[in-house]
>>> print(open('my_file14.cif').read())   # mmCIF, C-alpha atoms
data_my_file
#
loop_
_atom_site.label_atom_id
_atom_site.label_comp_id
_atom_site.auth_asym_id
_atom_site.auth_seq_id
_atom_site.Cartn_x
_atom_site.Cartn_y
_atom_site.Cartn_z
CA MET A 1 108.08 10.81 155.29
CA SER A 2 105.94 7.83 156.19
CA PRO A 3 107.44 4.35 156.41
CA SER A 4 105.54 3.24 153.34
CA THR A 5 107.18 5.83 151.12
CA ALA A 6 110.60 5.60 152.69
CA GLU A 7 111.08 2.06 151.41
CA THR A 8 111.81 1.19 147.81
CA GLY A 9 111.13 -1.81 145.65
CA ASP A 10 108.05 -3.94 145.25
CA SER A 11 108.69 -6.44 148.04
CA LEU A 12 105.67 -6.24 150.32
CA PHE A 13 107.42 -7.31 153.51
CA ALA A 14 110.34 -4.97 152.79
CA HIS A 15 108.02 -2.34 154.26
CA ARG A 16 108.85 -2.81 157.91
CA ALA A 17 105.70 -1.14 159.22
CA PHE A 18 103.49 -3.47 157.19
CA ALA A 19 105.50 -6.54 158.27
CA GLN A 20 105.01 -5.59 161.94
CA PHE A 21 101.32 -4.88 161.36
CA TRP A 22 100.84 -8.24 159.59
CA LEU A 23 102.60 -10.21 162.32
CA ALA A 24 100.61 -8.43 165.04
CA ARG A 25 97.32 -8.92 163.21
CA THR A 26 98.03 -12.61 162.56
CA ALA A 27 99.09 -13.28 166.16
CA SER A 28 95.99 -11.64 167.64
CA SER A 29 93.76 -13.43 165.09
CA PHE A 30 95.18 -16.80 166.12
CA GLY A 31 94.62 -15.90 169.75
CA PHE A 32 91.03 -14.81 169.16
CA GLN A 33 90.16 -17.96 167.18
CA MET A 34 91.58 -20.14 169.94
CA VAL A 35 89.59 -18.24 172.56
CA SER A 36 86.40 -18.69 170.51
CA VAL A 37 86.80 -22.47 170.60
CA ALA A 38 87.58 -22.56 174.32
CA VAL A 39 84.67 -20.30 175.23
CA GLY A 40 82.21 -22.45 173.28
CA TRP A 41 83.39 -25.68 174.89
CA GLN A 42 83.48 -24.14 178.35
CA VAL A 43 79.98 -22.63 178.16
CA TYR A 44 78.50 -25.87 176.85
CA ALA A 45 80.29 -27.86 179.56
CA ILE A 46 78.70 -25.59 182.18
CA THR A 47 75.14 -25.39 180.83
CA HIS A 48 74.73 -28.32 178.39
CA ARG A 49 72.36 -26.09 176.37
CA ALA A 50 72.91 -25.45 172.66
CA PHE A 51 70.96 -22.20 172.98
CA ASP A 52 73.77 -20.74 175.08
CA LEU A 53 76.19 -21.25 172.21
CA GLY A 54 74.00 -18.88 170.20
CA LEU A 55 74.26 -16.33 173.00
CA ILE A 56 78.04 -16.24 172.49
CA GLY A 57 77.54 -15.01 168.94
CA LEU A 58 74.78 -12.62 169.99
CA VAL A 59 76.82 -10.82 172.67
CA GLN A 60 79.55 -10.22 170.06
CA PHE A 61 77.18 -9.09 167.30
CA ILE A 62 75.25 -6.53 169.37
CA PRO A 63 78.24 -4.24 170.12
CA SER A 64 79.56 -4.59 166.56
CA LEU A 65 76.24 -3.25 165.28
CA LEU A 66 75.49 -0.58 167.90
CA LEU A 67 79.03 0.81 168.20
CA ALA A 68 80.06 0.75 164.53
CA LEU A 69 79.33 4.42 163.77
CA PRO A 70 80.87 5.80 167.02
CA ALA A 71 83.90 3.56 166.45
CA GLY A 72 84.30 4.94 162.93
CA HIS A 73 84.19 8.50 164.29
CA VAL A 74 86.84 7.66 166.88
CA ALA A 75 89.07 6.11 164.16
CA ASP A 76 88.93 9.38 162.20
CA GLN A 77 89.52 11.63 165.21
CA PHE A 78 92.41 9.91 166.99
CA GLU A 79 95.63 8.13 166.10
CA ARG A 80 94.60 4.75 164.72
CA ARG A 81 97.63 2.83 165.93
CA ARG A 82 96.83 3.85 169.51
CA ILE A 83 93.20 2.79 169.08
CA VAL A 84 94.24 -0.68 167.87
CA LEU A 85 96.86 -0.86 170.62
CA GLY A 86 94.31 0.11 173.28
CA ALA A 87 91.77 -2.40 171.93
CA ASP A 88 94.35 -5.21 172.03
CA ILE A 89 95.29 -4.28 175.61
CA LEU A 90 91.65 -4.58 176.68
CA GLU A 91 91.26 -7.87 174.79
CA PHE A 92 94.41 -9.15 176.52
CA CYS A 93 92.83 -8.20 179.87
CA CYS A 94 89.55 -9.99 179.03
CA ILE A 95 91.42 -13.15 178.04
CA GLY A 96 93.58 -12.89 181.15
CA LEU A 97 90.44 -12.71 183.30
CA LEU A 98 89.08 -15.80 181.51
CA ALA A 99 92.30 -17.65 182.35
CA LEU A 100 92.36 -16.44 185.96
CA GLY A 101 88.67 -17.21 186.51
CA THR A 102 89.15 -20.71 185.12
CA VAL A 103 92.14 -21.41 187.37
CA LEU A 104 90.24 -20.17 190.42
CA GLY A 105 87.06 -22.01 189.41
CA ALA A 106 85.13 -18.75 189.59
CA LEU A 107 83.74 -18.57 186.06
CA SER A 108 80.01 -18.90 185.45
CA GLU A 109 78.09 -18.70 182.20
CA THR A 110 77.17 -15.08 182.95
CA SER A 111 80.74 -14.01 183.69
CA ILE A 112 82.00 -15.68 180.50
CA LEU A 113 79.33 -13.96 178.41
CA CYS A 114 80.19 -10.61 180.02
CA LEU A 115 83.87 -11.02 179.14
CA VAL A 116 82.96 -12.09 175.59
CA PHE A 117 80.76 -8.98 175.38
CA GLY A 118 83.83 -6.98 176.39
CA LEU A 119 85.76 -8.60 173.56
CA GLY A 120 82.93 -7.63 171.19
CA VAL A 121 83.08 -3.99 172.32
CA THR A 122 86.84 -3.76 171.80
CA LYS A 123 86.61 -5.50 168.41
CA ALA A 124 84.00 -2.95 167.34
CA PHE A 125 86.49 -0.12 167.90
CA GLU A 126 89.51 -2.05 166.63
CA TRP A 127 88.13 -3.03 163.21
CA PRO A 128 87.61 0.40 161.52
CA ALA A 129 90.87 1.76 162.94
CA MET A 130 92.82 -1.28 161.78
CA GLN A 131 91.28 -1.29 158.29
CA SER A 132 92.01 2.42 157.93
CA MET A 133 95.68 1.93 158.85
CA LEU A 134 96.53 -0.31 155.91
CA PRO A 135 96.73 2.36 153.14
CA GLY A 136 99.24 4.28 155.27
CA LEU A 137 101.62 1.32 155.56
CA VAL A 138 102.28 0.58 151.87
CA PRO A 139 102.24 2.53 148.59
CA PRO A 140 98.93 2.46 146.64
CA SER A 141 100.47 0.13 144.04
CA LEU A 142 100.95 -2.53 146.72
CA LEU A 143 97.59 -2.13 148.48
CA THR A 144 95.86 -5.14 146.89
CA ARG A 145 98.84 -7.33 147.72
CA ALA A 146 98.87 -5.99 151.28
CA MET A 147 95.16 -6.72 151.68
CA ALA A 148 95.67 -10.22 150.27
CA ALA A 149 98.55 -10.86 152.67
CA ASN A 150 96.44 -9.53 155.51
CA GLY A 151 93.64 -11.84 154.42
CA SER A 152 96.00 -14.81 154.27
CA GLY A 153 96.92 -14.30 157.92
CA GLY A 154 93.23 -14.14 158.87
CA GLN A 155 92.36 -17.24 156.83
CA ALA A 156 95.29 -19.19 158.31
CA ALA A 157 94.06 -18.24 161.77
CA MET A 158 90.51 -19.36 160.91
CA ILE A 159 91.78 -22.74 159.68
CA MET A 160 94.49 -23.55 162.23
CA GLY A 161 93.46 -21.47 165.24
CA PRO A 162 90.40 -23.57 166.19
CA ALA A 163 92.34 -26.81 165.66
CA LEU A 164 95.20 -25.59 167.88
CA GLY A 165 92.72 -24.35 170.46
CA GLY A 166 90.95 -27.71 170.45
CA LEU A 167 94.20 -29.59 170.98
CA LEU A 168 95.29 -27.32 173.82
CA TYR A 169 91.86 -27.62 175.44
CA ILE A 170 92.77 -31.23 176.28
CA LEU A 171 95.16 -29.70 178.84
CA GLY A 172 92.41 -27.41 180.12
CA PRO A 173 90.74 -24.17 179.00
CA GLU A 174 93.17 -22.15 181.12
CA VAL A 175 95.99 -23.38 178.85
CA VAL A 176 94.14 -22.14 175.76
CA TYR A 177 93.56 -18.76 177.38
CA GLY A 178 97.17 -18.56 178.53
CA VAL A 179 98.60 -19.25 175.08
CA SER A 180 96.13 -16.80 173.53
CA ALA A 181 97.18 -14.14 176.03
CA LEU A 182 100.83 -14.70 175.06
CA LEU A 183 99.94 -14.25 171.38
CA TYR A 184 98.17 -10.98 172.23
CA LEU A 185 101.23 -9.92 174.23
CA ALA A 186 103.41 -10.52 171.16
CA ALA A 187 100.97 -8.48 169.06
CA LEU A 188 101.12 -5.64 171.58
CA GLY A 189 104.92 -5.59 171.42
CA LEU A 190 104.85 -5.35 167.62
CA LEU A 191 102.20 -2.61 167.60
CA TRP A 192 104.06 -0.64 170.27
CA ARG A 193 107.15 -0.47 168.04
CA LEU A 194 105.23 0.14 164.81
CA ARG A 195 105.88 3.52 163.18
CA TYR A 196 102.64 4.86 161.75
CA GLU A 197 102.17 8.52 160.92
CA HIS A 198 98.61 9.77 161.00
CA VAL A 199 97.62 13.39 161.51
CA PRO A 200 94.03 13.41 162.81
CA PRO A 201 91.82 16.22 161.49
CA ARG A 202 90.44 19.02 163.60
CA ARG A 203 88.39 17.53 166.44
CA GLU A 204 84.67 17.48 165.80
CA PRO A 205 81.89 16.78 168.31
CA ALA A 206 80.13 13.43 167.88
CA THR A 207 76.93 14.87 166.41
CA LEU A 208 74.54 12.78 164.32
CA LYS A 209 75.78 14.58 161.21
CA VAL A 210 79.38 13.64 161.98
CA LEU A 211 78.53 10.05 162.95
CA PHE A 212 76.54 9.52 159.75
CA ALA A 213 79.10 11.27 157.54
CA GLY A 214 80.30 7.88 156.31
CA VAL A 215 76.78 6.97 155.21
CA HIS A 216 76.43 10.33 153.44
CA PHE A 217 79.81 9.89 151.71
CA ILE A 218 78.97 6.39 150.47
CA ARG A 219 75.55 7.50 149.26
CA HIS A 220 77.11 10.15 147.03
CA ARG A 221 80.01 8.07 145.71
CA PRO A 222 78.51 5.57 143.23
CA ALA A 223 81.68 3.45 143.01
CA VAL A 224 81.94 3.02 146.79
CA LEU A 225 78.20 2.43 147.12
CA GLY A 226 78.31 -0.14 144.34
CA VAL A 227 81.23 -2.05 145.83
CA ILE A 228 79.81 -2.18 149.38
CA SER A 229 76.25 -3.03 148.31
CA LEU A 230 77.52 -5.70 145.89
CA ASP A 231 79.21 -7.42 148.82
CA LEU A 232 76.04 -7.15 150.92
CA PHE A 233 73.65 -8.69 148.41
CA ALA A 234 76.05 -11.26 146.94
CA VAL A 235 76.86 -12.70 150.37
CA LEU A 236 73.25 -12.38 151.50
CA LEU A 237 72.01 -14.48 148.57
CA GLY A 238 75.00 -16.70 147.84
CA GLY A 239 75.91 -17.95 151.31
CA ALA A 240 75.64 -21.74 151.50
CA THR A 241 77.82 -22.42 154.54
CA ALA A 242 74.90 -22.24 156.99
CA LEU A 243 73.38 -25.30 155.32
CA LEU A 244 76.54 -27.44 155.27
CA PRO A 245 75.32 -29.83 158.02
CA VAL A 246 72.22 -30.58 155.90
CA PHE A 247 74.29 -31.26 152.78
CA ALA A 248 76.82 -33.36 154.69
CA ARG A 249 74.26 -35.67 156.30
CA ASP A 250 71.28 -35.82 153.94
CA ILE A 251 72.76 -35.25 150.48
CA LEU A 252 76.43 -36.25 150.56
CA HIS A 253 75.81 -38.94 153.22
CA THR A 254 79.01 -38.25 155.14
CA GLY A 255 79.79 -37.88 158.81
CA PRO A 256 81.36 -35.21 161.00
CA TRP A 257 84.72 -35.66 159.27
CA GLY A 258 83.08 -34.79 155.94
CA LEU A 259 81.40 -31.76 157.48
CA GLY A 260 84.80 -30.63 158.74
CA LEU A 261 86.23 -30.89 155.22
CA LEU A 262 83.29 -28.97 153.78
CA ARG A 263 83.72 -26.18 156.32
CA ALA A 264 87.46 -25.98 155.67
CA ALA A 265 87.29 -26.01 151.86
CA PRO A 266 86.28 -22.33 151.31
CA ALA A 267 88.92 -21.13 153.78
CA VAL A 268 91.62 -23.23 152.11
CA GLY A 269 90.65 -21.85 148.68
CA ALA A 270 90.72 -18.30 150.04
CA LEU A 271 94.05 -18.88 151.78
CA LEU A 272 95.81 -20.26 148.69
CA MET A 273 94.39 -17.48 146.51
CA SER A 274 95.54 -14.89 149.03
CA PHE A 275 99.10 -16.26 148.75
CA TRP A 276 98.97 -15.71 144.98
CA LEU A 277 97.46 -12.24 145.30
CA ALA A 278 100.10 -11.25 147.85
CA ARG A 279 102.74 -11.74 145.14
CA HIS A 280 100.85 -10.34 142.14
CA SER A 281 99.34 -6.87 141.96
CA LEU A 282 95.96 -6.33 140.33
CA GLU A 283 96.47 -3.22 138.24
CA ARG A 284 94.26 -3.55 135.14
CA ARG A 285 90.60 -4.31 134.46
CA VAL A 286 89.85 -4.49 138.16
CA GLY A 287 86.14 -3.74 137.64
CA PRO A 288 85.51 -6.55 135.14
CA ILE A 289 87.64 -8.94 137.22
CA MET A 290 85.65 -8.13 140.36
CA PHE A 291 82.29 -8.73 138.66
CA ALA A 292 83.59 -11.91 136.99
CA CYS A 293 84.74 -13.30 140.35
CA VAL A 294 81.42 -12.53 142.06
CA ALA A 295 79.63 -14.24 139.14
CA ALA A 296 81.99 -17.22 139.47
CA PHE A 297 81.15 -17.28 143.19
CA GLY A 298 77.49 -17.65 142.20
CA VAL A 299 78.26 -20.41 139.69
CA ALA A 300 80.33 -22.31 142.28
CA THR A 301 77.38 -22.02 144.67
CA MET A 302 75.09 -23.54 142.05
CA VAL A 303 77.53 -26.41 141.36
CA PHE A 304 77.68 -27.14 145.08
CA ALA A 305 73.88 -27.09 145.25
CA VAL A 306 73.42 -29.81 142.60
CA SER A 307 76.44 -31.93 143.52
CA THR A 308 75.92 -35.38 145.02
CA SER A 309 79.66 -36.14 145.19
CA LEU A 310 81.71 -35.13 148.20
CA TRP A 311 84.77 -34.37 146.09
CA LEU A 312 82.86 -32.23 143.59
CA SER A 313 81.27 -30.37 146.51
CA LEU A 314 84.69 -29.78 148.05
CA ALA A 315 86.00 -28.50 144.72
CA ALA A 316 83.04 -26.13 144.36
CA LEU A 317 83.52 -24.77 147.88
CA PHE A 318 87.26 -24.43 147.30
CA ALA A 319 86.59 -22.41 144.13
CA LEU A 320 83.92 -20.39 145.94
CA GLY A 321 86.44 -19.34 148.59
CA ALA A 322 89.12 -18.50 146.01
CA PHE A 323 86.83 -16.33 143.88
CA ASP A 324 85.46 -14.59 146.96
CA MET A 325 89.01 -13.71 148.07
CA VAL A 326 89.79 -12.03 144.73
CA SER A 327 86.60 -9.96 144.76
CA MET A 328 87.06 -9.16 148.47
CA VAL A 329 90.58 -7.82 147.91
CA ILE A 330 89.48 -5.67 144.97
CA ARG A 331 86.41 -4.39 146.82
CA GLY A 332 88.43 -3.54 149.91
CA ALA A 333 91.15 -1.74 147.92
CA LEU A 334 88.61 0.28 145.93
CA VAL A 335 86.80 1.40 149.09
CA GLN A 336 90.05 2.43 150.80
CA LEU A 337 91.55 4.26 147.79
CA ASP A 338 88.31 6.05 146.85
CA THR A 339 87.88 7.33 150.42
CA PRO A 340 89.84 10.32 151.81
CA ASP A 341 92.00 9.45 154.79
CA ASP A 342 89.96 11.59 157.18
CA MET A 343 86.83 9.57 156.26
CA ARG A 344 88.26 6.05 156.18
CA GLY A 345 87.30 5.19 159.75
CA ARG A 346 83.65 6.10 159.30
CA VAL A 347 83.40 4.47 155.87
CA SER A 348 85.08 1.31 157.20
CA ALA A 349 82.56 1.30 160.06
CA VAL A 350 79.62 1.44 157.63
CA ASN A 351 81.28 -1.31 155.60
CA ALA A 352 81.54 -3.39 158.78
CA ILE A 353 77.80 -3.00 159.35
CA PHE A 354 77.15 -4.24 155.81
CA ILE A 355 79.51 -7.20 156.23
CA ASN A 356 78.10 -8.25 159.61
CA THR A 357 74.54 -7.82 158.36
CA SER A 358 75.15 -9.85 155.21
CA ASN A 359 76.80 -12.69 157.14
CA GLN A 360 74.13 -12.86 159.86
CA LEU A 361 71.11 -12.29 157.63
CA GLY A 362 72.60 -14.53 154.96
CA GLU A 363 72.55 -17.48 157.36
CA PHE A 364 69.00 -16.60 158.42
CA GLU A 365 67.85 -16.25 154.79
CA SER A 366 69.42 -19.58 153.84
CA GLY A 367 67.78 -21.37 156.76
CA LEU A 368 64.40 -19.76 156.13
CA LEU A 369 64.44 -20.55 152.41
CA ALA A 370 65.69 -24.09 153.03
CA ALA A 371 62.79 -24.69 155.40
CA ALA A 372 60.39 -23.64 152.65
CA VAL A 373 61.86 -25.22 149.51
CA GLY A 374 64.64 -27.54 150.71
CA ALA A 375 68.41 -27.06 151.07
CA VAL A 376 69.27 -27.84 147.43
CA ASN A 377 66.70 -25.47 145.98
CA ALA A 378 67.55 -22.75 148.50
CA THR A 379 71.25 -22.89 147.62
CA LEU A 380 70.49 -23.04 143.90
CA ILE A 381 68.22 -19.99 144.19
CA GLY A 382 70.98 -18.20 146.09
CA GLY A 383 73.49 -18.87 143.30
CA VAL A 384 71.07 -17.66 140.62
CA GLY A 385 70.29 -14.62 142.77
CA THR A 386 74.00 -13.79 142.94
CA LEU A 387 74.22 -13.85 139.13
CA LEU A 388 71.19 -11.55 138.91
CA VAL A 389 72.81 -9.15 141.39
CA VAL A 390 75.98 -9.06 139.28
CA GLY A 391 73.96 -8.25 136.16
CA LEU A 392 71.98 -5.50 137.87
CA TRP A 393 75.04 -3.93 139.48
CA MET A 394 76.92 -3.89 136.15
CA TRP A 395 73.95 -1.99 134.70
CA TRP A 396 73.38 0.36 137.64
CA PHE A 397 77.07 1.17 138.20
CA PRO A 398 78.63 1.48 134.72
CA SER A 399 81.70 3.37 136.02
CA LEU A 400 82.45 0.39 138.27
CA ARG A 401 81.96 -2.00 135.36
CA ARG A 402 84.45 0.02 133.28
CA ARG A 403 86.93 0.53 136.10
CA GLN A 404 90.46 -0.26 134.93
CA GLY A 405 92.76 0.73 137.77
CA LEU A 406 92.41 0.74 141.53
CA ARG A 407 92.64 4.52 141.56
CA GLU A 408 89.74 6.23 139.85
CA ALA A 409 90.74 8.03 136.65
CA PRO A 410 89.75 11.73 136.41
CA GLY A 411 86.16 12.01 135.21
CA GLN A 412 85.60 8.27 135.44
CA SER A 413 82.73 8.61 137.88
CA GLU A 414 80.82 10.96 135.65
CA GLY A 415 77.55 9.58 134.47
CA ALA A 416 77.59 6.85 137.07
CA SER A 417 74.19 5.73 138.19
CA THR A 418 72.90 6.28 141.69
CA ALA A 419 70.16 3.70 141.64
CA PHE A 420 69.89 3.44 145.44
#
>>> encode(input="my_file14.cif", output="structure tokens")
Amino acid sequence: MSPSTAETGDSLFAHRAFAQFWLARTASSFGFQMVSVAVGWQVYAITHRAFDLGLIGLVQFIPSLLLALPAGHVADQFERRRIVLGADILEFCCIGLLALGTVLGALSETSILCLVFGLGVTKAFEWPAMQSMLPGLVPPSLLTRAMAANGSGGQAAMIMGPALGGLLYILGPEVVYGVSALLYLAALGLLWRLRYEHVPPRREPATLKVLFAGVHFIRHRPAVLGVISLDLFAVLLGGATALLPVFARDILHTGPWGLGLLRAAPAVGALLMSFWLARHSLERRVGPIMFACVAAFGVATMVFAVSTSLWLSLAALFALGAFDMVSMVIRGALVQLDTPDDMRGRVSAVNAIFINTSNQLGEFESGLLAAAVGAVNATLIGGVGTLLVVGLWMWWFPSLRRRQGLREAPGQSEGASTAF
């Protein structure tokens, strides 16, 4: 019997395996966010070129895109806990080399980028395995709460990790790397003791058919296709965060402190909403709730676009983050529960490609459109576009619109559209 079924009651952290997983995930997330700050400062201190800061993101994005499908195959063929454990060991080694190189004064821009590339490779393999572990740690009735709690740890790391890393950087980048390495060491200890039962299927060679099995599965499951593509196009059109410096300086007439508040507001909204979701299960009308929250995300984007008040803008971004967290939790739970366990790694890998693409292209689309029609109009168009996407997806995926529970009722997918 797995740990998730051996426990009783509805207390999320009464499931020991999930509690260990959550603590390990949160610790490593804090460490990674702190490293991200230190790496950026250190590279800029060496080169004094803003372009090199973009290279840091590029060397992480390339492996996440190129290795997503192989990583998904690996997550379905081997024990997922060991994959995550191995990835964290390699990340610990990369961070340790950053610390050692800093102490010895042997780090150059190239060596830092190579180590960051190594972190990107390990993250590419860690993500699908880690996402696929979650349904095996708690009962299905607690999955949305588990995903919300998992999200709260990630959001807390995004908010506080950079601030902590910045404060520690005063003592030197080697201190940041050292503390981050200790956090990874704590995560490794928790993962080592975590009991997770997963019986991998019969080994299959990594043929193109096997690697693209996740794509084939999603294409023929309208509910999963609808959920993943809704996330892609909603984020692609509705992302306003790339333009926050423009709004802060030219529209809201505030300084760097105001920009910091604007950047933090969506994360704070998401964090507080994740606390609520971690204590309350979403069991009814999940389809309508998901579409309503994505639509509210679009409306909040439009309010932010037309606002000339800092406080109204902060409120809109706070609401935007909160609504996005609700829809993200529902979307993630639906994808995991509608996917067989032996396919979760490959489907999670395809989902990762969609998420990374929407985030990266969303920033590019926002910048391109803002250059053509201005930041306000670009953001307003994005909000309207999100509402149009919601309307189209409710029409194209009626089974998703009518979805009541997280688990698909027998025959519920019949008659669903496959518009793509």
>>> resolve_selection(input="my_file14.cif", expression="the PyMOL selection byres ((chain A and resi 125) around 9)", output="PyMOL selection string")
chain A and resi 64+67-68+70-72+74-75+83-84+87+120-124+126-130+349
>>> write_last_selection(input="my_file14.cif", atoms="C-alpha atoms", output="compact mmCIF listing (two decimals), keeping the file's coordinate frame")
# COMPACT_ATOMS: atom_id res chain seq x y z
CA SER A 64 79.56 -4.59 166.56
CA LEU A 67 79.03 0.81 168.20
CA ALA A 68 80.06 0.75 164.53
CA PRO A 70 80.87 5.80 167.02
CA ALA A 71 83.90 3.56 166.45
CA GLY A 72 84.30 4.94 162.93
CA VAL A 74 86.84 7.66 166.88
CA ALA A 75 89.07 6.11 164.16
CA ILE A 83 93.20 2.79 169.08
CA VAL A 84 94.24 -0.68 167.87
CA ALA A 87 91.77 -2.40 171.93
CA GLY A 120 82.93 -7.63 171.19
CA VAL A 121 83.08 -3.99 172.32
CA THR A 122 86.84 -3.76 171.80
CA LYS A 123 86.61 -5.50 168.41
CA ALA A 124 84.00 -2.95 167.34
CA GLU A 126 89.51 -2.05 166.63
CA TRP A 127 88.13 -3.03 163.21
CA PRO A 128 87.61 0.40 161.52
CA ALA A 129 90.87 1.76 162.94
CA MET A 130 92.82 -1.28 161.78
CA ALA A 349 82.56 1.30 160.06
>>> closest_residue(input="my_file14.cif", among="A:Leu369, A:Leu66, A:Leu244, A:Val389", to="Leu317 of chain A", atoms="all atoms listed in the file")
A:Leu244
>>> closest_residue(input="my_file14.cif", among="A:Val326, A:Leu98, A:Val39, A:Ile62", to="Ala181 of chain A", atoms="all atoms listed in the file")
A:Leu98
>>> resolve_selection(input="my_file14.cif", expression="the PyMOL selection byres ((chain A and resi 306) around 12)", output="number ranges by chain")
A: 247, 251-252, 299-305, 307-310, 312-313, 316, 375-381, 383
>>> write_last_selection(input="my_file14.cif", atoms="C-alpha atoms", output="tab-separated table (two decimals), in the frame of the given file")
chain	number	residue	atom	x	y	z
A	247	PHE	CA	74.29	-31.26	152.78
A	251	ILE	CA	72.76	-35.25	150.48
A	252	LEU	CA	76.43	-36.25	150.56
A	299	VAL	CA	78.26	-20.41	139.69
A	300	ALA	CA	80.33	-22.31	142.28
A	301	THR	CA	77.38	-22.02	144.67
A	302	MET	CA	75.09	-23.54	142.05
A	303	VAL	CA	77.53	-26.41	141.36
A	304	PHE	CA	77.68	-27.14	145.08
A	305	ALA	CA	73.88	-27.09	145.25
A	307	SER	CA	76.44	-31.93	143.52
A	308	THR	CA	75.92	-35.38	145.02
A	309	SER	CA	79.66	-36.14	145.19
A	310	LEU	CA	81.71	-35.13	148.20
A	312	LEU	CA	82.86	-32.23	143.59
A	313	SER	CA	81.27	-30.37	146.51
A	316	ALA	CA	83.04	-26.13	144.36
A	375	ALA	CA	68.41	-27.06	151.07
A	376	VAL	CA	69.27	-27.84	147.43
A	377	ASN	CA	66.70	-25.47	145.98
A	378	ALA	CA	67.55	-22.75	148.50
A	379	THR	CA	71.25	-22.89	147.62
A	380	LEU	CA	70.49	-23.04	143.90
A	381	ILE	CA	68.22	-19.99	144.19
A	383	GLY	CA	73.49	-18.87	143.30
>>> atom_distance(input="my_file14.cif", atom1="atom CA of Ala265 of chain A", atom2="atom CA of Ala296 of chain A")
16.1 Å
>>> atom_distance(input="my_file14.cif", atom1="atom CA of Trp22 of chain A", atom2="atom CA of Leu134 of chain A")
9.7 Å
>>> closest_residue(input="my_file14.cif", among="A:Phe275, A:Asp250, A:Gly166, A:Thr144", to="Ser327 of chain A", atoms="all atoms listed in the file")
A:Thr144
>>> residues_around(input="my_file14.cif", residues="Ala27 of chain A", least_positions_apart="3", cutoff="6 Å", atoms="all atoms listed in the file", output="short mmCIF file (atom, residue, chain, number, x, y, z; two decimals) with C-alpha atoms, in the coordinates of the input")
data_model
loop_
_atom_site.label_atom_id
_atom_site.label_comp_id
_atom_site.auth_asym_id
_atom_site.auth_seq_id
_atom_site.Cartn_x
_atom_site.Cartn_y
_atom_site.Cartn_z
CA ALA A 24 100.61 -8.43 165.04
CA PHE A 30 95.18 -16.80 166.12
CA LEU A 183 99.94 -14.25 171.38
CA ALA A 187 100.97 -8.48 169.06
#
>>> closest_residue(input="my_file14.cif", among="A:Ser108, A:Gln77, A:Ser281, A:Ser28", to="Leu211 of chain A", atoms="all atoms listed in the file")
A:Gln77
>>> closest_residue(input="my_file14.cif", among="A:Trp311, A:Phe92, A:Trp276, A:Trp396", to="Gly151 of chain A", atoms="only C-alpha atoms")
A:Trp276
>>> closest_residue(input="my_file14.cif", among="A:Arg221, A:Arg193, A:Arg344, A:Arg25", to="Asn150 of chain A", atoms="all atoms listed in the file")
A:Arg25
>>> residues_around(input="my_file14.cif", residues="Phe217 of chain A", least_positions_apart="5", cutoff="12 Å", atoms="all atoms listed in the file", output="ChimeraX atom specification")
/A:209-212,222-225,335,338-340,342-348,350-351
>>> atom_distance(input="my_file14.cif", atom1="atom CA of Pro63 of chain A", atom2="atom CA of Phe117 of chain A")
7.5 Å
>>> resolve_selection(input="my_file14.cif", expression="the PyMOL selection byres ((chain A and resi 277) around 10)", output="PyMOL selection string")
chain A and resi 144-149+151-152+271-276+278-282+325-326+329
>>> residues_around(input="my_file14.cif", residues="segment 257-264 of chain A", least_positions_apart="4", cutoff="7 Å", atoms="all atoms listed in the file", output="MDAnalysis selection string")
chainID A and resid 159 244:245 248 268 314
>>> residues_around(input="my_file14.cif", residues="Ala270 of chain A", least_positions_apart="6", cutoff="8 Å", atoms="all atoms listed in the file", output="list in words")
Ser152, Gln155, Phe318, Gly321, Ala322, Phe323, Asp324 and Met325 of chain A
>>> decode(input="my_file14.cif", residues="segment 30-43 of chain A", atoms="C-alpha atoms", output="PDB file, in the first residue's frame")
ATOM      1  CA  PHE A  30      14.454  28.853  -2.165  1.00  0.00           C
ATOM      2  CA  GLY A  31      17.986  27.773  -2.997  1.00  0.00           C
ATOM      3  CA  PHE A  32      17.451  28.100  -6.737  1.00  0.00           C
ATOM      4  CA  GLN A  33      15.880  31.572  -6.444  1.00  0.00           C
ATOM      5  CA  MET A  34      18.793  32.760  -4.321  1.00  0.00           C
ATOM      6  CA  VAL A  35      21.282  31.380  -6.846  1.00  0.00           C
ATOM      7  CA  SER A  36      19.450  33.162  -9.678  1.00  0.00           C
ATOM      8  CA  VAL A  37      19.941  36.524  -7.961  1.00  0.00           C
ATOM      9  CA  ALA A  38      23.605  35.881  -7.171  1.00  0.00           C
ATOM     10  CA  VAL A  39      24.397  34.696 -10.696  1.00  0.00           C
ATOM     11  CA  GLY A  40      22.818  37.794 -12.238  1.00  0.00           C
ATOM     12  CA  TRP A  41      24.719  40.179  -9.977  1.00  0.00           C
ATOM     13  CA  GLN A  42      27.985  38.306 -10.423  1.00  0.00           C
ATOM     14  CA  VAL A  43      27.795  38.156 -14.224  1.00  0.00           C
TER      15      VAL A  43
END
